[in-house]
Amino acid sequence: MTTTVTITGTGTPLATADRAGAGVLVRHGDTHLQFDAGRATVNRLIAAGSSPADLTALFLTHYHSDHLVGLQDVVLSHWTMDVYNEAEVLPILAPNGPTSRFCERMLDLWDDDLEVRALHNHRDPRPKIDLRGFDTPEEPTTVWSNAEVRVLAAPVRHEPIIGAVGYRIETPDGVVAISGDTVVCDEVAAFAAGADVVVYEALRMDVIARRPPDKRYIMHYHADTRLIGKQMAELDIPVVMLTHLIPAPSNDAEKQPFIDEVREGGYRGTLMVCDDLDTVTLGEDQ
Amino acid sequence: MSTSVTITGTGCPIPDGNRAGPGALVRYDDLTLQFDVGRSTVQRLAGANVWIPNLTAAFITHHHSDHLTGLADLILTHWTMDRTDAAPALPIIAPAGPSADYVATVLDGWEADIEVRATHAGRTTRPELDLQTFEIPDHPTEIWRHGEVVVSAGQVRHEPCPNAVGYRVDTPDGSVAISGDTRVCDEVAELAAGVDVLVYEAMRYSFFRDLPPHRQYVMDYHADTHEIGAQAAELGVPTLILTHLIPAPVDAAEKQAYVDEVRAGGYRGELVVADDLFTCAVGTGGLPEVREIVQAAAEQA
């Protein structure tokens with residue numbers, strides 16, 4: 001058995017042609033876990049060989065729209081694709097507060113659509129989801145598990161967003177940490193320690209610091225490339241996947257500064273400036 | 001001047017790796033008109049080089065989710081990318097009834113996101129809804145105009161989904177009709193009479209007849225390829241673009257089945273089984289030159 005980590009979207013709120021909104025898919029056998037559901041997540045799930053109908057559980061990091069705008073589509077597609085009415089209920093795990101409140105309300109808007117579809121194809125008009133809110137823990141804490149896979153949530157630092165989390169996924173093949181949106185901080189180190197792969201959001205301070213003062217605010221709540229390099233070196237993480245790339249690189253030349261800056265921070269392991277669908281596999285025959 | 005139509009999404013509710021949800025973009029000069037806003041529409045608009053805050057208006061055909069799941073993203077992104085707080089609210093034009101009811105609530109749930117972004121970025125505006133509704137007309141009727149560009153809506157037949165419309169755009173270069181979701185019916189013929197380009201939703205009934213009875217219900221309300229061919233031939237439409245493809249073709253052979261069936265229906269004009277971002281000129285003016293994203297990014301730098 002292997003565990004794979006696939007970035008379903010490497011983008012940000014700003015629209016680009018080739019980068020879907022934030023999302024990561026972790027698979028171990030039939031266990032398919034999706035983390036965040038930004039723009040075009042459903043397209044990317046299919047392209048990755050998964051599907052909304054194949055998801056075992058879905059996890060949200062925080063309530064910024066670029067991490068949520070694809071969620072309704074995932075849930076509606078989970079229902080629409082279930083033409084034989086045999087899909088399992090999809091658990092959605094979200095930190096309590098605005099993120100869980102968004103989930104509670106998100107299907108209200110679709111009543112008319114669900115009703116007319118159900119009338120036509122003789123189905124129960126309610127998507128099968130199970131919203132499981134949890135209080136953002138102070139330390140990494142298990143929020144979901146099955147026989148082989150365990151998911152822990154942990155606090156990150158994305159103020160002025162309160163209650164944002166990252167996730168740590170433990171499988172028999174290894175450990176994956178997903179930063180969510182955050183500055184580089186001790187909280188990330190706490191749940192990334194010992195991970196085989198860290199999926200880290202990344203922002204190039206050099207670029208954003210050149211903006212006018214009133215356009216620099218995003219510097220204060222994203223992860224600087226050099227600090228990522230320093231932290232990942234200290235933790236001795238074998239593989240780092242950069243995503244949520246700001247500014248979005250459109251070619252290899254624009255990716256290179258991300259690499260250079262993380263290396264300047266001291267990191268010497270395997271480093272990927274990801275495109276959508278880039279995948280790392282853990283636990284291959286060795 | 002020149003007018004073009006771009007298919008922003010050729011998919012349907014059943015997701016596909018490469019096909020965004022339903023949508024078509026009509027361009028004329030600086031006008032950019034989006035028809036339906038399915039999954040991933042914002043990404044496809046970026047692929048078509050549209051700077052999202054510059055989008056002129058979005059029109060909705062009906063309230064099925066596959067035509068609407070990208071709308072919240074479009075309205076939010078229209079605001080998020082407009083860092084100068086200069087863009088007017090994006091007009092959303094929808095038929096009265098469930099479509100307009102949906103649009104009226106599309107920003108519900110996003111209050112916390114909007115507020116935290118606005119506060120952090122020092123924004124002076126918030127995303128606003130500019131919903132413009134119209135009653136379903138008995139016959140194609142003008143519902144929007146800007147200078148010489150006229151958008152008309154005409155009812156189509158998508159029962160049990162009520163209040164569904166198709167649209168027609170007339171510019172000085174020519175005309176394009178967009179069927180929306182519908183069976184082949186006289187209402188589409190009336191809407192599309194005399195157009196240069198007809199964008200038609202298409203379903204291969206021949207494929208669905210082989211499925212179990214409980215899967216065949218979609219044949220009640222989509223457009224059969226053979227009948228499309230017969231109608232487009234009668235109308236003498238020069239260019240026919242098929243979209244909302246059911247089943248979604250994954251290779252040339254599966255596309256050819258659509259072509260064969262439309263030809264069997266009698267159509268002899270230019271026929272396209274569209275992929276996302278397929279673009280063609282409407283009428284005589286050729287393709288518009290588009291550098292919108294490059295220009296906007298340069299202005300912001």
# chains A, B, ... in the order shown; residues from 1 in each chain; ligands from 1

call {"tool": "interface_residues", "arguments": {"of": "chain B", "to": "chain A", "cutoff": "6 Å", "atoms": "only C-alpha atoms", "output": "ChimeraX atom specification"}}
result
/B:16-17,40,43,46-47,64,73,109,113

call {"tool": "residues_around", "arguments": {"residues": "range 55-57 of chain B", "least_positions_apart": "3", "cutoff": "7 Å", "atoms": "only C-alpha atoms", "output": "mmCIF file with N, CA and C atoms, in the first residue's frame"}}
result
data_model
loop_
_atom_site.group_PDB
_atom_site.id
_atom_site.type_symbol
_atom_site.label_atom_id
_atom_site.label_comp_id
_atom_site.auth_asym_id
_atom_site.auth_seq_id
_atom_site.Cartn_x
_atom_site.Cartn_y
_atom_site.Cartn_z
ATOM 1 N N LEU B 31 -16.821 45.124 -24.267
ATOM 2 C CA LEU B 31 -17.903 44.429 -23.568
ATOM 3 C C LEU B 31 -17.567 42.956 -23.418
ATOM 4 N N THR B 32 -17.764 42.435 -22.203
ATOM 5 C CA THR B 32 -17.573 40.999 -21.967
ATOM 6 C C THR B 32 -18.805 40.497 -21.232
ATOM 7 N N LEU B 33 -19.577 39.674 -21.910
ATOM 8 C CA LEU B 33 -20.850 39.193 -21.369
ATOM 9 C C LEU B 33 -20.751 37.695 -21.138
ATOM 10 N N GLN B 34 -20.989 37.283 -19.893
ATOM 11 C CA GLN B 34 -20.900 35.871 -19.539
ATOM 12 C C GLN B 34 -22.301 35.290 -19.412
ATOM 13 N N ILE B 52 -11.097 39.820 -14.326
ATOM 14 C CA ILE B 52 -12.433 39.592 -13.769
ATOM 15 C C ILE B 52 -13.154 40.907 -13.386
ATOM 16 N N LEU B 90 -21.092 43.973 -10.229
ATOM 17 C CA LEU B 90 -21.306 43.189 -11.447
ATOM 18 C C LEU B 90 -22.803 42.932 -11.635
ATOM 19 N N PRO B 91 -23.400 43.416 -12.720
ATOM 20 C CA PRO B 91 -24.821 43.125 -12.934
ATOM 21 C C PRO B 91 -25.032 41.633 -13.216
ATOM 22 N N ILE B 92 -25.983 41.047 -12.499
ATOM 23 C CA ILE B 92 -26.372 39.656 -12.749
ATOM 24 C C ILE B 92 -27.812 39.702 -13.252
#

call {"tool": "closest_residue", "arguments": {"among": "B:Val237, B:Ala223, B:Pro140, B:Asp196", "to": "Val282 in chain B", "atoms": "only C-alpha atoms"}}
result
B:Asp196

call {"tool": "residues_around", "arguments": {"residues": "Thr69 in chain B", "least_positions_apart": "3", "cutoff": "6 Å", "atoms": "only C-alpha atoms", "output": "number ranges by chain"}}
result
B: 38-39, 65-66

call {"tool": "select_by_dssp", "arguments": {"residues": "range 14-119 of chain A", "states": "helix (DSSP H, G or I)", "output": "count of residues only"}}
result
43

call {"tool": "closest_residue", "arguments": {"among": "B:Leu235, B:Val197, B:Ala20, B:Ile246", "to": "Leu271 in chain B", "atoms": "only C-alpha atoms"}}
result
B:Val197

call {"tool": "atom_distance", "arguments": {"atom1": "CA of Tyr205 in chain B", "atom2": "CA of Gln155 in chain B"}}
result
22.6 Å

call {"tool": "residues_around", "arguments": {"residues": "Ile293 in chain B", "least_positions_apart": "2", "cutoff": "8 Å", "atoms": "only C-alpha atoms", "output": "VMD selection string"}}
result
chain B and resid 46 49 to 51 291 295 to 297

call {"tool": "atom_distance", "arguments": {"atom1": "CA of Val280 in chain A", "atom2": "CA of Ile259 in chain A"}}
result
17.6 Å

call {"tool": "closest_residue", "arguments": {"among": "A:Arg123, A:Ala94, A:Pro249, A:Asp236", "to": "Thr12 in chain A", "atoms": "only C-alpha atoms"}}
result
A:Pro249

call {"tool": "atom_distance", "arguments": {"atom1": "CA of Leu242 in chain A", "atom2": "CA of Asp260 in chain A"}}
result
12.8 Å
